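One file, target-v8.txt, carrying compact mmCIF, N, CA and C atoms:
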# COMPACT_ATOMS: atom_id res chain seq x y z
N MET S 22 -30.14 174.25 19.55
CA MET S 22 -29.18 173.29 19.05
C MET S 22 -29.30 172.03 19.91
N THR S 23 -29.32 170.89 19.27
CA THR S 23 -29.41 169.62 19.98
C THR S 23 -28.38 168.65 19.44
N VAL S 24 -27.66 168.03 20.35
CA VAL S 24 -26.79 166.91 20.01
C VAL S 24 -27.40 165.72 20.73
N PHE S 25 -27.88 164.75 19.97
CA PHE S 25 -28.58 163.64 20.59
C PHE S 25 -27.63 162.65 21.25
N GLN S 26 -26.55 162.31 20.59
CA GLN S 26 -25.58 161.40 21.18
C GLN S 26 -24.17 161.86 20.84
N LEU S 27 -23.30 161.72 21.80
CA LEU S 27 -21.89 162.04 21.60
C LEU S 27 -21.10 160.93 22.26
N TRP S 28 -20.40 160.16 21.46
CA TRP S 28 -19.63 159.07 22.03
C TRP S 28 -18.41 158.79 21.17
N VAL S 29 -17.45 158.11 21.77
CA VAL S 29 -16.20 157.77 21.09
C VAL S 29 -16.12 156.25 21.02
N ASP S 30 -15.74 155.75 19.85
CA ASP S 30 -15.58 154.31 19.67
C ASP S 30 -14.66 153.74 20.74
N ARG S 31 -15.03 152.58 21.22
CA ARG S 31 -14.30 151.94 22.33
C ARG S 31 -12.79 151.86 22.07
N GLU S 32 -12.39 151.62 20.84
CA GLU S 32 -10.96 151.49 20.51
C GLU S 32 -10.20 152.80 20.60
N HIS S 33 -10.92 153.93 20.63
CA HIS S 33 -10.26 155.24 20.64
C HIS S 33 -10.49 156.02 21.92
N ARG S 34 -11.01 155.37 22.93
CA ARG S 34 -11.28 156.06 24.20
C ARG S 34 -10.01 156.25 25.01
N ARG S 35 -10.12 157.16 25.96
CA ARG S 35 -9.03 157.48 26.89
C ARG S 35 -7.89 158.23 26.22
N GLY S 36 -8.18 158.90 25.09
CA GLY S 36 -7.15 159.65 24.40
C GLY S 36 -7.47 161.13 24.31
N GLY S 37 -8.51 161.57 25.02
CA GLY S 37 -8.85 162.98 25.03
C GLY S 37 -9.84 163.41 23.94
N ILE S 38 -10.30 162.45 23.14
CA ILE S 38 -11.21 162.81 22.05
C ILE S 38 -12.52 163.35 22.59
N ALA S 39 -13.12 162.70 23.58
CA ALA S 39 -14.40 163.17 24.14
C ALA S 39 -14.25 164.56 24.73
N THR S 40 -13.15 164.80 25.41
CA THR S 40 -12.90 166.14 25.97
C THR S 40 -12.85 167.18 24.86
N LYS S 41 -12.11 166.89 23.80
CA LYS S 41 -12.00 167.84 22.69
C LYS S 41 -13.34 168.06 22.00
N LEU S 42 -14.13 166.99 21.84
CA LEU S 42 -15.45 167.12 21.23
C LEU S 42 -16.36 168.02 22.07
N LYS S 43 -16.37 167.80 23.38
CA LYS S 43 -17.22 168.61 24.26
C LYS S 43 -16.76 170.07 24.27
N GLN S 44 -15.46 170.29 24.30
CA GLN S 44 -14.94 171.66 24.29
C GLN S 44 -15.29 172.36 22.98
N LYS S 45 -15.20 171.66 21.87
CA LYS S 45 -15.55 172.24 20.57
C LYS S 45 -17.04 172.55 20.52
N LEU S 46 -17.86 171.67 21.05
CA LEU S 46 -19.29 171.90 21.11
C LEU S 46 -19.59 173.16 21.93
N GLU S 47 -18.90 173.33 23.05
CA GLU S 47 -19.09 174.53 23.88
C GLU S 47 -18.68 175.79 23.12
N GLU S 48 -17.57 175.73 22.39
CA GLU S 48 -17.13 176.89 21.59
C GLU S 48 -18.19 177.25 20.56
N LEU S 49 -18.69 176.26 19.86
CA LEU S 49 -19.74 176.49 18.86
C LEU S 49 -20.99 177.06 19.52
N ALA S 50 -21.38 176.50 20.63
CA ALA S 50 -22.58 176.97 21.34
C ALA S 50 -22.45 178.46 21.69
N LYS S 51 -21.30 178.87 22.13
CA LYS S 51 -21.09 180.28 22.48
C LYS S 51 -21.26 181.19 21.27
N THR S 52 -20.85 180.72 20.09
CA THR S 52 -20.94 181.57 18.89
C THR S 52 -22.38 181.80 18.46
N ILE S 53 -23.29 180.96 18.92
CA ILE S 53 -24.71 181.14 18.58
C ILE S 53 -25.52 181.51 19.82
N ASP S 54 -24.82 182.09 20.79
CA ASP S 54 -25.44 182.64 22.01
C ASP S 54 -26.19 181.62 22.86
N VAL S 55 -25.70 180.39 22.89
CA VAL S 55 -26.23 179.40 23.82
C VAL S 55 -25.58 179.68 25.17
N ASN S 56 -26.39 179.78 26.21
CA ASN S 56 -25.88 180.13 27.53
C ASN S 56 -25.78 178.96 28.49
N LEU S 57 -26.41 177.84 28.15
CA LEU S 57 -26.45 176.71 29.06
C LEU S 57 -26.45 175.42 28.27
N ILE S 58 -25.69 174.44 28.73
CA ILE S 58 -25.70 173.12 28.13
C ILE S 58 -26.22 172.14 29.17
N TYR S 59 -27.16 171.31 28.74
CA TYR S 59 -27.73 170.25 29.56
C TYR S 59 -27.32 168.93 28.96
N THR S 60 -26.93 167.99 29.80
CA THR S 60 -26.57 166.66 29.34
C THR S 60 -27.01 165.64 30.37
N HIS S 61 -27.19 164.42 29.92
CA HIS S 61 -27.45 163.35 30.89
C HIS S 61 -26.86 162.05 30.36
N THR S 62 -26.60 161.16 31.30
CA THR S 62 -26.05 159.85 30.98
C THR S 62 -26.54 158.87 32.02
N GLU S 63 -26.47 157.60 31.70
CA GLU S 63 -26.86 156.60 32.68
C GLU S 63 -25.90 156.64 33.87
N GLU S 64 -26.45 156.41 35.04
CA GLU S 64 -25.66 156.47 36.27
C GLU S 64 -24.46 155.53 36.23
N LYS S 65 -24.60 154.41 35.53
CA LYS S 65 -23.50 153.44 35.47
C LYS S 65 -22.30 153.95 34.67
N ASN S 66 -22.47 155.03 33.91
CA ASN S 66 -21.37 155.61 33.11
C ASN S 66 -20.57 156.61 33.94
N SER S 67 -19.96 156.13 34.99
CA SER S 67 -19.24 157.02 35.91
C SER S 67 -18.12 157.79 35.20
N HIS S 68 -17.48 157.18 34.21
CA HIS S 68 -16.40 157.87 33.49
C HIS S 68 -16.94 159.08 32.72
N VAL S 69 -18.17 158.98 32.21
CA VAL S 69 -18.79 160.11 31.50
C VAL S 69 -19.15 161.21 32.50
N ILE S 70 -19.66 160.82 33.64
CA ILE S 70 -20.00 161.80 34.68
C ILE S 70 -18.73 162.52 35.13
N GLU S 71 -17.66 161.77 35.35
CA GLU S 71 -16.38 162.36 35.76
C GLU S 71 -15.85 163.33 34.71
N LEU S 72 -15.95 162.96 33.44
CA LEU S 72 -15.50 163.85 32.36
C LEU S 72 -16.28 165.15 32.39
N ASN S 73 -17.61 165.05 32.49
CA ASN S 73 -18.42 166.26 32.53
C ASN S 73 -18.09 167.13 33.73
N GLU S 74 -17.90 166.54 34.88
CA GLU S 74 -17.54 167.32 36.07
C GLU S 74 -16.18 167.98 35.88
N LYS S 75 -15.24 167.27 35.27
CA LYS S 75 -13.91 167.84 35.01
C LYS S 75 -14.03 169.08 34.11
N LEU S 76 -15.01 169.06 33.21
CA LEU S 76 -15.21 170.17 32.29
C LEU S 76 -16.10 171.28 32.87
N GLY S 77 -16.50 171.14 34.13
CA GLY S 77 -17.27 172.20 34.77
C GLY S 77 -18.77 172.00 34.83
N TYR S 78 -19.25 170.83 34.45
CA TYR S 78 -20.68 170.54 34.55
C TYR S 78 -21.03 170.19 35.98
N LYS S 79 -22.22 170.57 36.40
CA LYS S 79 -22.70 170.33 37.76
C LYS S 79 -23.90 169.38 37.71
N ILE S 80 -23.89 168.40 38.61
CA ILE S 80 -25.02 167.47 38.69
C ILE S 80 -26.23 168.21 39.25
N ILE S 81 -27.36 168.09 38.56
CA ILE S 81 -28.58 168.73 39.03
C ILE S 81 -29.69 167.74 39.35
N ARG S 82 -29.55 166.51 38.90
CA ARG S 82 -30.61 165.52 39.12
C ARG S 82 -30.05 164.12 38.93
N ARG S 83 -30.59 163.20 39.70
CA ARG S 83 -30.24 161.79 39.56
C ARG S 83 -31.53 160.99 39.72
N GLY S 84 -31.88 160.20 38.72
CA GLY S 84 -33.09 159.39 38.78
C GLY S 84 -33.60 159.06 37.40
N PRO S 85 -34.68 158.29 37.33
CA PRO S 85 -35.26 157.96 36.03
C PRO S 85 -35.85 159.19 35.37
N ILE S 86 -35.83 159.22 34.05
CA ILE S 86 -36.40 160.34 33.30
C ILE S 86 -37.66 159.88 32.58
N TRP S 87 -37.54 158.92 31.67
CA TRP S 87 -38.72 158.45 30.93
C TRP S 87 -38.91 156.94 31.04
N ASP S 88 -37.99 156.27 31.73
CA ASP S 88 -38.11 154.83 31.96
C ASP S 88 -37.50 154.52 33.32
N GLU S 89 -37.20 153.27 33.61
CA GLU S 89 -36.70 152.91 34.94
C GLU S 89 -35.19 153.10 35.10
N ILE S 90 -34.49 153.43 34.04
CA ILE S 90 -33.03 153.59 34.10
C ILE S 90 -32.67 154.87 34.85
N VAL S 91 -31.77 154.74 35.83
CA VAL S 91 -31.33 155.91 36.59
C VAL S 91 -30.31 156.68 35.75
N ARG S 92 -30.61 157.96 35.55
CA ARG S 92 -29.72 158.82 34.78
C ARG S 92 -29.27 159.99 35.66
N VAL S 93 -28.10 160.50 35.32
CA VAL S 93 -27.56 161.67 36.00
C VAL S 93 -27.63 162.83 35.01
N SER S 94 -28.28 163.90 35.42
CA SER S 94 -28.41 165.10 34.58
C SER S 94 -27.42 166.14 35.07
N LEU S 95 -26.74 166.79 34.13
CA LEU S 95 -25.75 167.79 34.46
C LEU S 95 -25.96 169.03 33.59
N ILE S 96 -25.56 170.18 34.10
CA ILE S 96 -25.62 171.42 33.32
C ILE S 96 -24.30 172.17 33.44
N LYS S 97 -24.08 173.03 32.46
CA LYS S 97 -22.93 173.94 32.49
C LYS S 97 -23.39 175.29 31.95
N GLN S 98 -23.17 176.32 32.73
CA GLN S 98 -23.45 177.69 32.30
C GLN S 98 -22.30 178.17 31.43
N LEU S 99 -22.61 178.69 30.26
CA LEU S 99 -21.58 179.19 29.37
C LEU S 99 -21.46 180.70 29.44
N LYS S 100 -22.54 181.36 29.74
CA LYS S 100 -22.54 182.83 29.78
C LYS S 100 -21.54 183.30 30.84
N GLY S 101 -20.72 184.25 30.44
CA GLY S 101 -19.74 184.79 31.36
C GLY S 101 -18.42 184.03 31.38
N GLU S 102 -18.37 182.89 30.71
CA GLU S 102 -17.10 182.14 30.61
C GLU S 102 -16.23 182.78 29.55
N GLU S 103 -15.04 182.91 29.76
CA GLU S 103 -14.08 183.35 28.75
C GLU S 103 -12.71 183.08 29.28
Would you mind writing the structure in this file as structure tokens?
Amino acid sequence: MTVFQLWVDREHRRGGIATKLKQKLEELAKTIDVNLIYTHTEEKNSHVIELNEKLGYKIIRRGPIWDEIVRVSLIKQLKGEE
């Protein structure tokens, strides 16, 4: 399963929508036996990094991936969560 982009329109941010979207994605992932979620965002998106950490994601890498933009990669283990 791949979600290429997940974002909330600027006018609707800070209302918990991104949190609910990520939580729903995790619920769906568990129903199809996905055990790990990987995500990344540009380093300048500190609010996105904070949201992911709040939801239990751990930073595993910081640096360029395919170009010069510094990105932060995070993962969350789903197996065993309940």
Please return as an MDAnalysis selection string: the residues of stretch 25-97 of chain S that backbone DSSP assigns to helix (DSSP H, G or I).
chainID S and resid 31:33 38:52 67:75
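Each of S:His68, S:Arg31, S:Lys41, S:Lys51 was compared to S:Lys97 using only C-alpha atoms, and S:Lys51 turns out to be the nearest.
Of the residues in stretch 31-68 of chain S, those that DSSP places in strand (DSSP E or B) on the basis of the backbone are Leu57, Ile58, Tyr59, Thr60, His61, Thr62 and Glu63 of chain S.
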Written file, previous selection with N, CA and C atoms, as an mmCIF file, keeping the file's coordinate frame:
data_model
loop_
_atom_site.group_PDB
_atom_site.id
_atom_site.type_symbol
_atom_site.label_atom_id
_atom_site.label_comp_id
_atom_site.auth_asym_id
_atom_site.auth_seq_id
_atom_site.Cartn_x
_atom_site.Cartn_y
_atom_site.Cartn_z
ATOM 1 N N LEU S 57 -26.410 177.840 28.150
ATOM 2 C CA LEU S 57 -26.450 176.710 29.060
ATOM 3 C C LEU S 57 -26.450 175.420 28.270
ATOM 4 N N ILE S 58 -25.690 174.440 28.730
ATOM 5 C CA ILE S 58 -25.700 173.120 28.130
ATOM 6 C C ILE S 58 -26.220 172.140 29.170
ATOM 7 N N TYR S 59 -27.160 171.310 28.740
ATOM 8 C CA TYR S 59 -27.730 170.250 29.560
ATOM 9 C C TYR S 59 -27.320 168.930 28.960
ATOM 10 N N THR S 60 -26.930 167.990 29.800
ATOM 11 C CA THR S 60 -26.570 166.660 29.340
ATOM 12 C C THR S 60 -27.010 165.640 30.370
ATOM 13 N N HIS S 61 -27.190 164.420 29.920
ATOM 14 C CA HIS S 61 -27.450 163.350 30.890
ATOM 15 C C HIS S 61 -26.860 162.050 30.360
ATOM 16 N N THR S 62 -26.600 161.160 31.300
ATOM 17 C CA THR S 62 -26.050 159.850 30.980
ATOM 18 C C THR S 62 -26.540 158.870 32.020
ATOM 19 N N GLU S 63 -26.470 157.600 31.700
ATOM 20 C CA GLU S 63 -26.860 156.600 32.680
ATOM 21 C C GLU S 63 -25.900 156.640 33.870
#
Shortest contact to S:Asp54, candidates S:Ile38, S:Asn66, S:Lys100, S:His33, atoms counted only N, CA and C atoms, goes to S:Lys100
Would you compute the box with edges along x, y and z of the file around stretch 49-68 of chain S, including every atom the file lists for it and 6 Å extra on each side, and give its centre and edge lengths in Å to one decimal, as lines of an AutoDock Vina configuration file?
center_x = -22.1
center_y = 168.0
center_z = 27.4
size_x = 23.3
size_y = 41.2
size_z = 29.8
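Atom CA of S:Val55 to atom N of S:Val24 spans 12.0 Å [interatomic distance, one decimal].
A straight line drawn from atom CA of S:Glu32 to atom CA of S:Lys65 is 19.6 Å long.
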Using all atoms listed in the file, determine which residues lie at most 8 Å from S:Val91, disregarding the query and same-chain residues fewer than 2 positions distant; provide the list as a list in words.
Thr62, Glu63, Glu64, Lys65, Arg83, Gly84, Pro85, Ile86, Asp88, Glu89, Val93 and Ser94 of chain S
Hey, can you check how far atom CA of S:Gln98 sits from atom C of S:Asp30?
28.0 Å
Between S:Ile80, S:Val29, S:Ile53, S:Leu42, which is the closest to S:Leu95 once you count only N, CA and C atoms?
S:Ile80
Restricting the calculation to only C-alpha atoms: of S:Tyr78, S:Gly37, S:His61, S:Leu72, which residue gets closest to S:Ile90?
S:His61
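Taking only C-alpha atoms into account, S:Tyr59 lies nearest to S:Ile81 out of the set S:Leu27, S:Ala39, S:Ile81, S:Leu76.
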